[in-house]
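Chemist: I'm passing along coords-v4.cif; it holds mmCIF, C-alpha atoms.
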```cif
data_query
loop_
_atom_site.group_PDB
_atom_site.id
_atom_site.type_symbol
_atom_site.label_atom_id
_atom_site.label_comp_id
_atom_site.auth_asym_id
_atom_site.auth_seq_id
_atom_site.Cartn_x
_atom_site.Cartn_y
_atom_site.Cartn_z
ATOM 1 C CA MET A 1 18.276 17.790 28.219
ATOM 2 C CA MET A 2 17.350 14.242 27.279
ATOM 3 C CA LYS A 3 15.032 13.999 30.312
ATOM 4 C CA THR A 4 13.262 17.180 29.243
ATOM 5 C CA ILE A 5 12.670 15.837 25.740
ATOM 6 C CA LEU A 6 11.369 12.531 27.114
ATOM 7 C CA LEU A 7 9.086 14.344 29.547
ATOM 8 C CA LEU A 8 7.733 16.543 26.757
ATOM 9 C CA ALA A 9 7.149 13.523 24.500
ATOM 10 C CA PHE A 10 5.337 11.715 27.305
ATOM 11 C CA ALA A 11 3.151 14.761 28.000
ATOM 12 C CA LEU A 12 2.171 14.960 24.333
ATOM 13 C CA PHE A 13 1.426 11.234 24.241
ATOM 14 C CA VAL A 14 -0.791 11.383 27.338
ATOM 15 C CA SER A 15 -2.663 14.505 26.227
ATOM 16 C CA GLY A 16 -3.460 12.843 22.905
ATOM 17 C CA ALA A 17 -5.043 9.816 24.568
ATOM 18 C CA PRO A 18 -8.751 9.465 23.704
ATOM 19 C CA VAL A 19 -11.201 10.371 26.456
ATOM 20 C CA ASN A 20 -14.566 8.650 26.717
ATOM 21 C CA GLU A 21 -16.644 11.815 26.978
ATOM 22 C CA GLY A 22 -19.883 9.850 27.324
ATOM 23 C CA LYS A 23 -18.618 7.963 30.369
ATOM 24 C CA THR A 24 -17.263 11.175 31.888
ATOM 25 C CA LEU A 25 -20.642 12.879 31.477
ATOM 26 C CA LEU A 26 -22.459 9.870 32.946
ATOM 27 C CA GLY A 27 -20.148 9.890 35.972
ATOM 28 C CA GLU A 28 -20.819 13.570 36.491
ATOM 29 C CA LEU A 29 -24.558 12.990 36.076
ATOM 30 C CA LEU A 30 -24.461 10.338 38.805
ATOM 31 C CA ARG A 31 -22.740 12.788 41.144
ATOM 32 C CA GLN A 32 -25.223 15.556 40.330
ATOM 33 C CA LEU A 33 -28.246 13.258 40.738
ATOM 34 C CA ASP A 34 -26.986 12.152 44.170
ATOM 35 C CA GLY A 35 -26.743 15.774 45.249
ATOM 36 C CA ALA A 36 -30.148 16.673 43.846
ATOM 37 C CA MET A 37 -31.834 13.731 45.551
ATOM 38 C CA LYS A 38 -30.228 14.512 48.924
ATOM 39 C CA ASN A 39 -31.279 18.160 48.779
ATOM 40 C CA LEU A 40 -34.737 17.658 47.300
ATOM 41 C CA PRO A 41 -37.262 19.665 49.325
ATOM 42 C CA VAL A 42 -40.149 17.701 50.818
ATOM 43 C CA GLU A 43 -43.400 19.003 49.447
ATOM 44 C CA PRO A 44 -46.580 19.058 51.543
ATOM 45 C CA GLU A 45 -49.258 16.601 50.514
ATOM 46 C CA GLY A 46 -51.162 17.803 47.513
ATOM 47 C CA LYS A 47 -48.288 20.018 46.319
ATOM 48 C CA GLU A 48 -45.960 17.250 45.120
ATOM 49 C CA ILE A 49 -44.425 17.520 41.685
ATOM 50 C CA PHE A 50 -45.289 14.747 39.248
ATOM 51 C CA LEU A 51 -43.582 13.990 35.957
ATOM 52 C CA GLU A 52 -44.362 11.543 33.195
ATOM 53 C CA ASP A 53 -43.322 7.970 33.941
ATOM 54 C CA LEU A 54 -40.800 7.276 31.181
ATOM 55 C CA LYS A 55 -40.444 3.616 32.194
ATOM 56 C CA MET A 56 -36.674 4.109 32.386
ATOM 57 C CA ASP A 57 -36.396 0.957 34.463
ATOM 58 C CA VAL A 58 -37.719 -0.979 31.439
ATOM 59 C CA SER A 59 -36.337 1.029 28.520
ATOM 60 C CA CYS A 60 -33.054 2.723 29.350
ATOM 61 C CA SER A 61 -31.951 4.103 25.995
ATOM 62 C CA GLY A 62 -30.578 7.334 24.613
ATOM 63 C CA LEU A 63 -34.149 8.441 24.002
ATOM 64 C CA ALA A 64 -34.879 8.021 27.720
ATOM 65 C CA PHE A 65 -32.132 10.533 28.591
ATOM 66 C CA CYS A 66 -33.495 13.008 26.077
ATOM 67 C CA GLN A 67 -37.043 12.637 27.372
ATOM 68 C CA ALA A 68 -35.799 12.930 30.974
ATOM 69 C CA GLU A 69 -34.181 16.242 30.044
ATOM 70 C CA GLN A 70 -37.486 17.436 28.582
ATOM 71 C CA GLU A 71 -39.395 16.387 31.706
ATOM 72 C CA LEU A 72 -36.932 18.016 34.111
ATOM 73 C CA LYS A 73 -37.228 21.279 32.195
ATOM 74 C CA LYS A 74 -40.761 21.468 33.623
ATOM 75 C CA VAL A 75 -39.238 21.784 37.105
ATOM 76 C CA SER A 76 -36.412 24.133 36.089
ATOM 77 C CA GLY A 77 -38.477 27.291 36.550
ATOM 78 C CA LEU A 78 -39.388 26.603 40.166
ATOM 79 C CA SER A 79 -37.115 28.603 42.457
ATOM 80 C CA LYS A 80 -36.595 25.972 45.168
ATOM 81 C CA TYR A 81 -35.380 23.404 42.654
ATOM 82 C CA ASN A 82 -32.009 24.947 41.785
ATOM 83 C CA HIS A 83 -30.537 21.601 40.704
ATOM 84 C CA PHE A 84 -32.855 21.580 37.706
ATOM 85 C CA ARG A 85 -32.175 25.068 36.411
ATOM 86 C CA THR A 86 -31.302 24.856 32.735
ATOM 87 C CA ASP A 87 -28.040 26.707 33.400
ATOM 88 C CA GLY A 88 -27.135 24.339 36.264
ATOM 89 C CA THR A 89 -24.617 21.518 36.097
ATOM 90 C CA LEU A 90 -27.106 18.638 36.161
ATOM 91 C CA MET A 91 -29.198 19.920 33.270
ATOM 92 C CA ARG A 92 -26.138 21.055 31.319
ATOM 93 C CA ASP A 93 -24.512 17.611 31.657
ATOM 94 C CA LEU A 94 -27.730 15.847 30.708
ATOM 95 C CA HIS A 95 -28.032 18.102 27.663
ATOM 96 C CA MET A 96 -24.373 17.551 26.727
ATOM 97 C CA TYR A 97 -24.823 13.787 27.005
ATOM 98 C CA ASN A 98 -27.775 14.000 24.613
ATOM 99 C CA VAL A 99 -25.767 16.181 22.209
ATOM 100 C CA HIS A 100 -22.807 13.762 22.465
ATOM 101 C CA ASN A 101 -25.106 10.868 21.515
ATOM 102 C CA LYS A 102 -26.877 12.950 18.839
ATOM 103 C CA THR A 103 -30.254 12.300 20.480
ATOM 104 C CA ILE A 104 -33.107 14.650 19.679
ATOM 105 C CA CYS A 105 -36.648 14.228 20.951
ATOM 106 C CA LYS A 106 -39.872 16.097 21.457
ATOM 107 C CA PRO A 107 -41.416 16.737 24.863
ATOM 108 C CA VAL A 108 -43.275 13.717 26.190
ATOM 109 C CA ALA A 109 -47.023 13.804 25.711
ATOM 110 C CA LYS A 110 -49.029 13.778 28.906
ATOM 111 C CA GLY A 111 -49.832 10.167 29.636
ATOM 112 C CA PRO A 112 -51.992 8.279 32.089
ATOM 113 C CA VAL A 113 -49.129 7.477 34.471
ATOM 114 C CA GLN A 114 -47.129 10.072 36.350
ATOM 115 C CA ILE A 115 -44.632 9.569 39.154
ATOM 116 C CA GLY A 116 -43.279 11.841 41.857
ATOM 117 C CA LEU A 117 -40.105 13.818 41.271
ATOM 118 C CA HIS A 118 -38.092 11.721 43.758
ATOM 119 C CA ASP A 119 -39.156 8.458 42.094
ATOM 120 C CA PHE A 120 -38.405 9.977 38.683
ATOM 121 C CA LEU A 121 -34.883 10.859 39.835
ATOM 122 C CA LYS A 122 -34.328 7.380 41.299
ATOM 123 C CA SER A 123 -35.378 5.843 37.997
ATOM 124 C CA LEU A 124 -33.121 8.209 36.048
ATOM 125 C CA LYS A 125 -30.203 7.421 38.361
ATOM 126 C CA LYS A 126 -30.631 3.673 37.782
ATOM 127 C CA CYS A 127 -30.677 4.318 34.043
ATOM 128 C CA VAL A 128 -27.496 6.416 34.262
ATOM 129 C CA GLN A 129 -25.796 3.712 36.355
ATOM 130 C CA HIS A 130 -26.795 1.096 33.780
ATOM 131 C CA ALA A 131 -25.422 3.182 30.893
ATOM 132 C CA PHE A 132 -22.246 3.979 32.890
ATOM 133 C CA SER A 133 -21.543 0.287 33.487
ATOM 134 C CA LYS A 134 -21.854 -0.448 29.745
ATOM 135 C CA LYS A 135 -19.297 2.194 28.648
#
```
Take the structure in the file and give it back as structure tokens.
Modeler:
Amino acid sequence: MMKTILLLAFALFVSGAPVNEGKTLLGELLRQLDGAMKNLPVEPEGKEIFLEDLKMDVSCSGLAFCQAEQELKKVSGLSKYNHFRTDGTLMRDLHMYNVHNKTICKPVAKGPVQIGLHDFLKSLKKCVQHAFSKK
């Protein structure tokens, strides 16, 4: 009987422990980005997908994650890019991370510098790794 009470008390104590939701989402984002980059279809020359260069290697902030979500939404409608569907895990986790950090942004205006989708994802992954190591 005493063991049961102790076990129950321990279970309640453990379940009440705070969870760093931001770090959990970043870890999941890293896993999803790895999968997306490995399965990214190779586009023929002239048909590559380019997104705005958000300079995430220079400015890796909460705003960068929000703007990355906006940029990846441009790819979400293309059928061969299932990883970027708005109802997919990668986009959902990116959105949840932005909600968790209370970050709201507008779509990025078309600028003079665009980068390929693969380079965009590599830059985003470095940014996620940087944020993950700080949490």
Chemist: Which residues are near region 76-90 of chain A? Cut-off 8 Å, all atoms listed in the file, ignore same chain within fewer than 4 positions. Put them as an MDAnalysis selection string.
Modeler: chainID A and resid 29 32:33 36 40:41 72 94
Chemist: Pull out every residue that the PyMOL selection byres ((chain A and resi 25) around 10) matches in the shown coordinates and put them as a list in words.
Modeler: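 The output of the PyMOL selection byres ((chain A and resi 25) around 10) on this file is Asn20, Glu21, Gly22, Lys23, Thr24, Leu26, Gly27, Glu28, Leu29, Leu30, Arg31, Leu90, Arg92, Asp93, Leu94, His95, Met96, Tyr97, Asn98, His100, Val128 and Phe132 of chain A.
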Chemist: What gap, in Å, lies between CA of Ser59 (chain A) and CA of Cys127 (chain A)?
Modeler: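 About the pair CA of Ser59 (chain A) and CA of Cys127 (chain A): they are 8.6 Å apart.
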Chemist: Using only C-alpha atoms for the distances, tell me which of A:His118, A:Lys110, A:Lys102, A:Lys74 is nearest to Lys38 (chain A).
Modeler: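 Checking each of A:His118, A:Lys110, A:Lys102, A:Lys74 against Lys38 (chain A), counting only C-alpha atoms, the winner is A:His118.
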Chemist: In Å, how far is it from CA of Gly35 (chain A) to CA of Leu63 (chain A)?
Modeler: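 Computed distance, CA of Gly35 (chain A) to CA of Leu63 (chain A), equals 23.7 Å.
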Chemist: Write out as a PyMOL selection string each polymer residue whose atoms come within 8 Å of region 103-109 of chain A, counting all atoms listed in the file; drop sequence neighbours fewer than 2 positions from it.
Modeler: chain A and resi 52+62-63+66-67+70-71+98-101+111
Chemist: Could you please determine the separation between CA of Ala131 (chain A) and CA of Leu54 (chain A) in Å, to one decimal place?
Modeler: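 It comes out at 15.9 Å.
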Chemist: Run through the PyMOL selection byres ((chain A and resi 50) around 10) on the given coordinates and return the selected residues as a PDB file with C-alpha atoms, in the frame of the given file.
Modeler:
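As a result, expr.pdb now contains:
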```pdb
ATOM      1  CA  LYS A  47     -48.288  20.018  46.319  1.00  0.00           C
ATOM      2  CA  GLU A  48     -45.960  17.250  45.120  1.00  0.00           C
ATOM      3  CA  ILE A  49     -44.425  17.520  41.685  1.00  0.00           C
ATOM      4  CA  LEU A  51     -43.582  13.990  35.957  1.00  0.00           C
ATOM      5  CA  GLU A  52     -44.362  11.543  33.195  1.00  0.00           C
ATOM      6  CA  ASP A  53     -43.322   7.970  33.941  1.00  0.00           C
ATOM      7  CA  GLU A  71     -39.395  16.387  31.706  1.00  0.00           C
ATOM      8  CA  LYS A  74     -40.761  21.468  33.623  1.00  0.00           C
ATOM      9  CA  VAL A  75     -39.238  21.784  37.105  1.00  0.00           C
ATOM     10  CA  VAL A 113     -49.129   7.477  34.471  1.00  0.00           C
ATOM     11  CA  GLN A 114     -47.129  10.072  36.350  1.00  0.00           C
ATOM     12  CA  ILE A 115     -44.632   9.569  39.154  1.00  0.00           C
ATOM     13  CA  GLY A 116     -43.279  11.841  41.857  1.00  0.00           C
ATOM     14  CA  LEU A 117     -40.105  13.818  41.271  1.00  0.00           C
ATOM     15  CA  HIS A 118     -38.092  11.721  43.758  1.00  0.00           C
ATOM     16  CA  ASP A 119     -39.156   8.458  42.094  1.00  0.00           C
ATOM     17  CA  PHE A 120     -38.405   9.977  38.683  1.00  0.00           C
TER      18      PHE A 120
END
```
Chemist: With a distance cut-off of 9 Å and only C-alpha atoms, select the neighbouring residues of Leu124 (chain A), excluding the residue or stretch itself and same-chain residues fewer than 5 positions from it, and output the selection as a list in words.
Modeler: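 Residues near the query, excluding close chain neighbours: Leu33, Met56, Asp57, Cys60, Ala64, Phe65, Ala68, Asp119 and Gln129 of chain A.
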Chemist: From the coordinates supplied, region 41-67 of chain A should be written with N, CA, C and O atoms, as a compact mmCIF listing (two decimals), in the first residue's frame.
Modeler:
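The file below, result09.txt, is the result:
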```txt
# COMPACT_ATOMS: atom_id res chain seq x y z
N PRO A 41 13.17 16.85 -54.13
CA PRO A 41 13.36 16.48 -55.53
C PRO A 41 14.33 17.43 -56.23
O PRO A 41 14.36 18.62 -55.93
N VAL A 42 15.12 16.90 -57.13
CA VAL A 42 16.05 17.72 -57.90
C VAL A 42 15.29 18.27 -59.11
O VAL A 42 14.73 17.51 -59.89
N GLU A 43 15.29 19.56 -59.20
CA GLU A 43 14.57 20.22 -60.29
C GLU A 43 15.50 20.39 -61.49
O GLU A 43 16.69 20.67 -61.32
N PRO A 44 14.97 20.25 -62.70
CA PRO A 44 15.80 20.52 -63.88
C PRO A 44 16.17 22.00 -63.94
O PRO A 44 15.46 22.85 -63.40
N GLU A 45 17.28 22.28 -64.60
CA GLU A 45 17.74 23.66 -64.69
C GLU A 45 16.66 24.54 -65.32
O GLU A 45 16.01 24.16 -66.28
N GLY A 46 16.48 25.68 -64.70
CA GLY A 46 15.46 26.61 -65.17
C GLY A 46 14.13 26.44 -64.47
O GLY A 46 13.25 27.27 -64.58
N LYS A 47 13.95 25.33 -63.74
CA LYS A 47 12.69 25.08 -63.04
C LYS A 47 12.89 25.05 -61.52
O LYS A 47 12.01 24.63 -60.78
N GLU A 48 14.08 25.50 -61.06
CA GLU A 48 14.35 25.50 -59.63
C GLU A 48 13.39 26.44 -58.91
O GLU A 48 12.86 27.38 -59.50
N ILE A 49 13.22 26.20 -57.64
CA ILE A 49 12.37 27.05 -56.82
C ILE A 49 13.27 27.97 -56.02
O ILE A 49 14.21 27.52 -55.35
N PHE A 50 12.99 29.27 -56.09
CA PHE A 50 13.77 30.26 -55.37
C PHE A 50 12.87 30.97 -54.37
O PHE A 50 11.71 31.26 -54.65
N LEU A 51 13.44 31.22 -53.20
CA LEU A 51 12.75 31.94 -52.14
C LEU A 51 13.59 33.14 -51.73
O LEU A 51 14.78 33.20 -52.04
N GLU A 52 12.97 34.05 -51.02
CA GLU A 52 13.69 35.24 -50.58
C GLU A 52 14.82 34.84 -49.63
O GLU A 52 14.65 33.98 -48.77
N ASP A 53 15.97 35.47 -49.79
CA ASP A 53 17.09 35.24 -48.88
C ASP A 53 16.83 36.05 -47.62
O ASP A 53 16.89 37.28 -47.63
N LEU A 54 16.52 35.36 -46.53
CA LEU A 54 16.18 36.03 -45.27
C LEU A 54 17.41 36.35 -44.44
O LEU A 54 17.29 36.88 -43.34
N LYS A 55 18.58 36.01 -44.95
CA LYS A 55 19.84 36.26 -44.23
C LYS A 55 19.80 35.64 -42.83
O LYS A 55 20.20 36.25 -41.85
N MET A 56 19.26 34.41 -42.75
CA MET A 56 19.14 33.74 -41.46
C MET A 56 20.50 33.40 -40.87
O MET A 56 20.61 33.21 -39.67
N ASP A 57 21.53 33.33 -41.70
CA ASP A 57 22.86 33.07 -41.17
C ASP A 57 23.41 34.30 -40.45
O ASP A 57 24.29 34.20 -39.62
N VAL A 58 22.85 35.47 -40.74
CA VAL A 58 23.28 36.72 -40.10
C VAL A 58 22.33 37.10 -38.96
O VAL A 58 22.74 37.45 -37.87
N SER A 59 21.04 37.01 -39.23
CA SER A 59 20.03 37.41 -38.25
C SER A 59 19.10 36.24 -37.97
O SER A 59 18.11 36.04 -38.67
N CYS A 60 19.42 35.47 -36.97
CA CYS A 60 18.62 34.31 -36.60
C CYS A 60 17.78 34.68 -35.38
O CYS A 60 18.18 34.49 -34.25
N SER A 61 16.62 35.25 -35.63
CA SER A 61 15.74 35.69 -34.55
C SER A 61 14.37 35.04 -34.71
O SER A 61 14.13 34.29 -35.65
N GLY A 62 13.49 35.34 -33.78
CA GLY A 62 12.12 34.84 -33.88
C GLY A 62 11.44 35.30 -35.15
O GLY A 62 10.66 34.57 -35.75
N LEU A 63 11.77 36.52 -35.59
CA LEU A 63 11.20 37.04 -36.83
C LEU A 63 11.64 36.19 -38.02
O LEU A 63 10.86 35.97 -38.95
N ALA A 64 12.86 35.69 -37.99
CA ALA A 64 13.37 34.85 -39.09
C ALA A 64 12.53 33.59 -39.23
O ALA A 64 12.23 33.16 -40.34
N PHE A 65 12.12 32.98 -38.11
CA PHE A 65 11.30 31.77 -38.17
C PHE A 65 9.92 32.09 -38.75
O PHE A 65 9.38 31.32 -39.54
N CYS A 66 9.38 33.22 -38.37
CA CYS A 66 8.08 33.62 -38.88
C CYS A 66 8.15 33.88 -40.39
O CYS A 66 7.29 33.44 -41.15
N GLN A 67 9.19 34.59 -40.81
CA GLN A 67 9.34 34.88 -42.23
C GLN A 67 9.64 33.60 -43.03
O GLN A 67 9.18 33.46 -44.16
```
